[in-house]
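> The structure is given below, and queries will be raised subsequently.
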Amino acid sequence: MDYGIENRLARIIKPKDGKTVMLAVDHGYFMGPTGGLENINKSITPLLEYADSLMLTRGILRSQIDPKIDIPIVLRVSGGTSILNDDLSDEDITVSMEDAVRLNVSAVALSIFIGSKNERQGIINLSKLVDKGYKYGIPVLAVTAVGREMGRDERYLSLAVRIAAETGASIVKTYYCEDFDRVVETCPVPVVVAGGKKTGESDALKLAYDAVKHGAAGVDMGRNIFQSEKPANMIKAVRAVVHEGIAPEEAYNKIYNNK
Ligand code: 5RP
């Protein structure tokens, strides 16, 4: 056991139930000023008391987040492309582990693009990041299956997630799919699901509920929270689903709609 890695992971995935609600606001690193994230200090700070961790880039962390707020940080450390480029897979490591340590982060996050022309580069970057992370006791979250052209079915996601874990990731983020149990069962580390593009609040709550029911350790959700009409109610409802197992309909009516 590596004390630093385990201790930092326990700040993100709550030991009392093995679950987590991670709030992802790192979209700007390739999408620019994403709706709902124009002024992160204003829109995201009020949500932090309901999140188990905050995933973002160092530029936004330094400029927008009050260092006195006690929230575990998952730092996005990969990048190099933008939505103007058809191929999002050409990423490299963009932050040194020394800077991550200086920022007192609880984990670092990097995307891998299995099946893309830059598959190898992503896996090698992940392995280098894991090596560096172990040196300093910092766990690595691998983000899989981002990109328009990827078929997000159980076969593909199991492959991508397992490769991330084999390469040494301590947590893997992926998308929810049919037969999700198999994705989780064949991955030796916790799996969290991304929310994806904004949908209706009740659909997003159902996604969180189904993911946890089928073995996910929780969600790393962004747009379905910060683009919601009522972001604070939405993150509270997601929390209730993930940590208390409340049915999505009940969370939608009682917590999101406050009825
Ligand atoms: C993109 C990311 C995002 O953090 C991720 O997609 C989660 O946000 P959303 O719930 O909006 O999909 O890692 O590479």
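Quick note on naming: the chains in the structure tokens go A, B, ... in the order shown, residues restart at 1 in each chain, and ligands are numbered from 1 in order of appearance.
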Quick one: contact table of chain A to ligand 1, 8 Å max, nearest atom pair and distance in Å to one decimal per residue, counting only C-alpha atoms and all ligand atoms, chain and number order, as a tab-separated table?

```
residue	atom	partner	partner_atom_place_in_ligand_line	distance
A:Leu23	CA	ligand 1	8 (O)	7.9
A:Ala24	CA	ligand 1	4 (O)	4.5
A:Val25	CA	ligand 1	4 (O)	6.0
A:Asp26	CA	ligand 1	4 (O)	5.3
A:His27	CA	ligand 1	3 (C)	5.6
A:Met55	CA	ligand 1	4 (O)	6.8
A:Leu56	CA	ligand 1	4 (O)	7.7
A:Ser111	CA	ligand 1	14 (O)	6.6
A:Val143	CA	ligand 1	13 (O)	5.9
A:Val146	CA	ligand 1	14 (O)	5.9
A:Lys173	CA	ligand 1	13 (O)	7.8
A:Val193	CA	ligand 1	10 (O)	8.0
A:Ala194	CA	ligand 1	10 (O)	4.4
A:Gly195	CA	ligand 1	10 (O)	3.4
A:Gly196	CA	ligand 1	12 (O)	3.2
A:Lys197	CA	ligand 1	12 (O)	5.8
A:Lys198	CA	ligand 1	11 (O)	7.2
A:Asp220	CA	ligand 1	7 (C)	5.8
A:Met221	CA	ligand 1	10 (O)	3.6
A:Gly222	CA	ligand 1	11 (O)	3.7
A:Arg223	CA	ligand 1	11 (O)	3.8
A:Asn224	CA	ligand 1	10 (O)	6.1
A:Ile225	CA	ligand 1	10 (O)	7.8
```
> Based on the backbone DSSP call, show me all residues of region 79-249 of chain A assigned alpha helix (DSSP H), as a PyMOL selection string.
chain A and resi 97-102+119-136+154-167+180-185+201-213+223-226+231-244+248-249
> Can you pull out every residue from region 15-191 of chain A that DSSP, working from the backbone, puts in strand (DSSP E or B), and format the result as an MDAnalysis selection string?
chainID A and resid 19:24 53:56 73:76 78:79 92:93 107:112 140:144 171:174 191
> For the residues selected in the previous step, produce a file with N, CA, C and O atoms as a tab-separated table (two decimals), in the first residue's frame.

```tsv
chain	number	residue	atom	x	y	z
A	19	LYS	N	-18.17	5.83	-2.31
A	19	LYS	CA	-18.78	6.57	-3.43
A	19	LYS	C	-18.25	8.00	-3.51
A	19	LYS	O	-17.71	8.53	-2.53
A	20	THR	N	-18.46	8.61	-4.67
A	20	THR	CA	-17.98	9.98	-4.86
A	20	THR	C	-18.84	10.76	-5.85
A	20	THR	O	-19.33	10.20	-6.83
A	21	VAL	N	-18.99	12.04	-5.56
A	21	VAL	CA	-19.57	12.98	-6.54
A	21	VAL	C	-18.47	13.97	-6.87
A	21	VAL	O	-18.14	14.86	-6.09
A	22	MET	N	-17.85	13.75	-8.03
A	22	MET	CA	-16.79	14.65	-8.49
A	22	MET	C	-17.44	15.68	-9.41
A	22	MET	O	-18.23	15.32	-10.28
A	23	LEU	N	-17.11	16.93	-9.21
A	23	LEU	CA	-17.65	17.99	-10.07
A	23	LEU	C	-16.58	18.35	-11.10
A	23	LEU	O	-15.48	18.80	-10.75
A	24	ALA	N	-16.89	18.10	-12.39
A	24	ALA	CA	-15.92	18.34	-13.47
A	24	ALA	C	-16.18	19.70	-14.13
A	24	ALA	O	-17.28	19.94	-14.64
A	53	SER	N	-15.14	16.36	-4.80
A	53	SER	CA	-13.87	16.86	-5.35
A	53	SER	C	-14.20	17.75	-6.54
A	53	SER	O	-15.33	17.75	-7.04
A	54	LEU	N	-13.20	18.50	-6.96
A	54	LEU	CA	-13.37	19.42	-8.08
A	54	LEU	C	-12.30	19.12	-9.12
A	54	LEU	O	-11.10	19.12	-8.80
A	55	MET	N	-12.73	18.84	-10.36
A	55	MET	CA	-11.78	18.54	-11.43
A	55	MET	C	-11.67	19.75	-12.35
A	55	MET	O	-12.68	20.21	-12.92
A	56	LEU	N	-10.46	20.26	-12.50
A	56	LEU	CA	-10.26	21.50	-13.30
A	56	LEU	C	-8.81	21.64	-13.71
A	56	LEU	O	-7.98	20.79	-13.34
A	73	ILE	N	-8.75	18.52	-4.92
A	73	ILE	CA	-8.61	18.93	-6.31
A	73	ILE	C	-8.12	17.76	-7.18
A	73	ILE	O	-7.15	17.08	-6.82
A	74	VAL	N	-8.80	17.56	-8.31
A	74	VAL	CA	-8.34	16.61	-9.33
A	74	VAL	C	-7.90	17.48	-10.50
A	74	VAL	O	-8.72	18.13	-11.15
A	75	LEU	N	-6.60	17.51	-10.72
A	75	LEU	CA	-6.05	18.48	-11.68
A	75	LEU	C	-5.89	17.87	-13.07
A	75	LEU	O	-5.22	16.85	-13.24
A	76	ARG	N	-6.52	18.49	-14.04
A	76	ARG	CA	-6.37	18.07	-15.44
A	76	ARG	C	-4.94	18.40	-15.88
A	76	ARG	O	-4.54	19.55	-15.87
A	78	SER	N	-3.54	16.95	-18.87
A	78	SER	CA	-3.30	16.65	-20.29
A	78	SER	C	-4.01	17.66	-21.15
A	78	SER	O	-4.99	18.28	-20.73
A	79	GLY	N	-3.50	17.85	-22.37
A	79	GLY	CA	-4.11	18.79	-23.30
A	79	GLY	C	-3.25	18.90	-24.55
A	79	GLY	O	-2.38	18.06	-24.81
A	92	ASP	N	-0.82	15.63	-24.88
A	92	ASP	CA	0.39	15.33	-24.12
A	92	ASP	C	0.19	15.78	-22.68
A	92	ASP	O	-0.80	16.42	-22.36
A	93	ILE	N	1.19	15.49	-21.85
A	93	ILE	CA	1.15	15.96	-20.46
A	93	ILE	C	1.48	17.46	-20.47
A	93	ILE	O	2.47	17.86	-21.08
A	107	ALA	N	-5.35	14.41	-6.84
A	107	ALA	CA	-5.14	13.48	-7.97
A	107	ALA	C	-4.85	14.30	-9.22
A	107	ALA	O	-5.16	15.50	-9.26
A	108	VAL	N	-4.27	13.65	-10.21
A	108	VAL	CA	-4.08	14.29	-11.51
A	108	VAL	C	-4.86	13.47	-12.55
A	108	VAL	O	-5.05	12.26	-12.37
A	109	ALA	N	-5.33	14.14	-13.61
A	109	ALA	CA	-6.17	13.47	-14.60
A	109	ALA	C	-5.62	13.66	-16.00
A	109	ALA	O	-5.18	14.76	-16.36
A	110	LEU	N	-5.67	12.59	-16.77
A	110	LEU	CA	-5.17	12.60	-18.15
A	110	LEU	C	-6.08	11.73	-19.02
A	110	LEU	O	-6.56	10.71	-18.55
A	111	SER	N	-6.30	12.16	-20.27
A	111	SER	CA	-7.14	11.37	-21.17
A	111	SER	C	-6.30	10.40	-22.00
A	111	SER	O	-5.18	10.74	-22.40
A	112	ILE	N	-6.87	9.23	-22.25
A	112	ILE	CA	-6.28	8.33	-23.23
A	112	ILE	C	-7.34	8.06	-24.30
A	112	ILE	O	-8.54	8.12	-24.01
A	140	VAL	N	-3.50	8.84	-10.10
A	140	VAL	CA	-3.84	9.30	-11.45
A	140	VAL	C	-5.24	8.81	-11.82
A	140	VAL	O	-5.55	7.63	-11.67
A	141	LEU	N	-6.06	9.75	-12.30
A	141	LEU	CA	-7.36	9.41	-12.87
A	141	LEU	C	-7.19	9.40	-14.39
A	141	LEU	O	-6.72	10.39	-14.96
A	142	ALA	N	-7.54	8.27	-15.02
A	142	ALA	CA	-7.48	8.20	-16.49
A	142	ALA	C	-8.88	8.43	-17.04
A	142	ALA	O	-9.85	7.84	-16.56
A	143	VAL	N	-8.98	9.32	-18.00
A	143	VAL	CA	-10.25	9.63	-18.66
A	143	VAL	C	-10.27	8.87	-19.98
A	143	VAL	O	-9.34	8.99	-20.79
A	144	THR	N	-11.31	8.06	-20.20
A	144	THR	CA	-11.35	7.26	-21.43
A	144	THR	C	-12.58	7.62	-22.27
A	144	THR	O	-13.57	8.12	-21.75
A	171	ILE	N	-7.95	5.53	-10.60
A	171	ILE	CA	-9.39	5.67	-10.86
A	171	ILE	C	-9.52	5.81	-12.38
A	171	ILE	O	-8.64	6.40	-13.03
A	172	VAL	N	-10.62	5.29	-12.92
A	172	VAL	CA	-10.87	5.46	-14.35
A	172	VAL	C	-12.24	6.10	-14.54
A	172	VAL	O	-13.21	5.72	-13.90
A	173	LYS	N	-12.24	7.09	-15.42
A	173	LYS	CA	-13.52	7.73	-15.75
A	173	LYS	C	-13.92	7.31	-17.15
A	173	LYS	O	-13.11	7.32	-18.08
A	174	THR	N	-15.19	6.94	-17.29
A	174	THR	CA	-15.67	6.55	-18.60
A	174	THR	C	-17.14	6.92	-18.74
A	174	THR	O	-17.66	7.69	-17.93
A	191	VAL	N	-14.32	2.82	-10.92
A	191	VAL	CA	-14.73	3.45	-12.18
A	191	VAL	C	-15.80	4.51	-11.86
A	191	VAL	O	-16.73	4.25	-11.11
```
> Using only C-alpha atoms, which protein or nucleic acid residues come within 10 Å of Lys254 (chain A)? Drop anything in the same chain fewer than 6 positions from it, and give the result as a PyMOL selection string.
chain A and resi 233+237+248
> May I ask which of the residues A:Asn85, A:Ser106, A:Ser43, A:Ser96 is the closest one to Ile5 (chain A), counting only C-alpha atoms?
A:Ser106
> For a test of reading the model, state the distance in Å between CA of Phe113 (chain A) and CA of Asp99 (chain A), rounded to one decimal.
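A separation of 24.6 Å between them.
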> So which residues touch Ala247 (chain A) within 9 Å, counting only C-alpha atoms, skipping near sequence neighbours fewer than 5 positions away, as a PyMOL selection string?
chain A and resi 205-206+209+240-241+252
> With distances taken over only C-alpha atoms, which residue among A:Ala145, A:Ile163, A:Val95, A:Ala216 lies nearest Ser116 (chain A)?
A:Ala145
